[in-house]
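Coordinates from protein-v5.txt are shown below (compact mmCIF, C-alpha atoms).
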```
# COMPACT_ATOMS: atom_id res chain seq x y z
CA MET A 1 92.82 -51.18 120.44
CA LYS A 2 90.66 -48.32 119.13
CA LYS A 3 92.08 -48.88 115.64
CA TYR A 4 90.87 -52.48 115.64
CA ILE A 5 87.39 -51.45 116.78
CA VAL A 6 87.15 -48.95 113.92
CA LEU A 7 88.30 -51.61 111.44
CA LEU A 8 85.69 -53.99 112.84
CA ALA A 9 83.01 -51.32 112.45
CA ILE A 10 84.01 -50.78 108.82
CA PHE A 11 83.92 -54.54 108.26
CA VAL A 12 80.44 -54.82 109.79
CA THR A 13 79.20 -51.93 107.64
CA ALA A 14 80.62 -53.65 104.55
CA ILE A 15 78.68 -56.79 105.49
CA PHE A 16 75.50 -54.71 105.65
CA PHE A 17 76.15 -53.19 102.22
CA TYR A 18 77.27 -56.41 100.47
CA PRO A 19 73.75 -57.64 99.60
CA VAL A 20 72.85 -54.23 98.17
CA PHE A 21 75.81 -54.15 95.78
CA ALA A 22 75.96 -57.87 95.02
CA HIS A 23 72.31 -58.07 94.04
CA ALA A 24 71.85 -54.58 92.60
CA ASP A 25 70.66 -55.96 89.27
CA LYS A 26 68.02 -58.15 90.96
CA ILE A 27 66.89 -55.27 93.18
CA GLY A 28 66.62 -52.99 90.17
CA TYR A 29 64.64 -55.61 88.25
CA PHE A 30 62.31 -56.11 91.21
CA LEU A 31 61.72 -52.38 91.57
CA SER A 32 61.06 -51.99 87.84
CA GLN A 33 58.56 -54.87 87.81
CA ASN A 34 56.82 -53.81 91.03
CA PRO A 35 56.45 -50.05 90.91
CA VAL A 36 57.05 -48.71 94.39
CA SER A 37 56.89 -45.00 94.96
CA GLU A 38 60.22 -43.26 95.30
CA PRO A 39 59.59 -41.98 98.86
CA VAL A 40 58.94 -45.55 100.05
CA THR A 41 62.15 -46.78 98.42
CA LEU A 42 64.16 -43.93 99.92
CA LEU A 43 62.59 -44.58 103.32
CA VAL A 44 63.58 -48.25 103.25
CA LEU A 45 67.13 -47.56 102.06
CA GLY A 46 67.53 -44.64 104.46
CA SER A 47 66.38 -46.66 107.45
CA GLY A 48 68.85 -49.40 106.53
CA LEU A 49 71.65 -46.86 106.37
CA LEU A 50 70.63 -45.40 109.73
CA ILE A 51 70.62 -48.85 111.34
CA ALA A 52 74.08 -49.62 109.94
CA ALA A 53 75.39 -46.23 111.09
CA GLY A 54 73.91 -46.68 114.58
CA LEU A 55 75.50 -50.10 114.98
CA THR A 56 78.82 -48.78 113.72
CA LYS A 57 78.66 -45.85 116.13
CA ARG A 58 77.87 -48.19 119.01
CA LEU A 59 80.86 -50.40 118.12
CA VAL A 60 83.20 -47.42 117.93
CA ARG A 61 81.97 -45.97 121.21
CA ASN A 62 82.51 -49.22 123.16
```

As structure tokens, what does this structure read like?
Amino acid sequence: MKKYIVLLAIFVTAIFFYPVFAHADKIGYFLSQNPVSEPVTLLVLGSGLLIAAGLTKRLVRN
């Protein structure tokens, strides 16, 4: 049962990352047209990663 929960957590994390990789060219174009400081960009991406990791951890723990 634990194996299936871990696989589900990986699947959910992949769903979170799909828009980032699928639309990387559009995101890069947007960032190049609208200059946002690097700390703000890292803060947004880092918070998204922390949310995905927290949800994955919660799924694995239950």

*Among listed residues A:Val20, A:Val40, A:Ala14, A:Ile5, nearest Ala53 in chain A (using only C-alpha atoms)*: A:Ala14

*From the set A:Ser37, A:Leu7, A:Lys2, A:Val12, which residue has the shortest atom-to-atom contact distance to Ile51 in chain A, counting only C-alpha atoms?*
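Closest candidate: A:Val12.
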
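Here CA of Tyr29 in chain A is placed at a distance of 22.3 Å from CA of Ile15 in chain A.
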
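Relative to CA of His23 in chain A, CA of Leu49 in chain A is found at 16.7 Å.
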
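Between CA of Pro39 in chain A and CA of Thr56 in chain A the separation is 25.2 Å.
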
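In this comparison, which uses only C-alpha atoms, the residue of A:Arg58, A:Gln33, A:Ala52, A:Leu42 approaching Phe16 in chain A most closely is A:Ala52.
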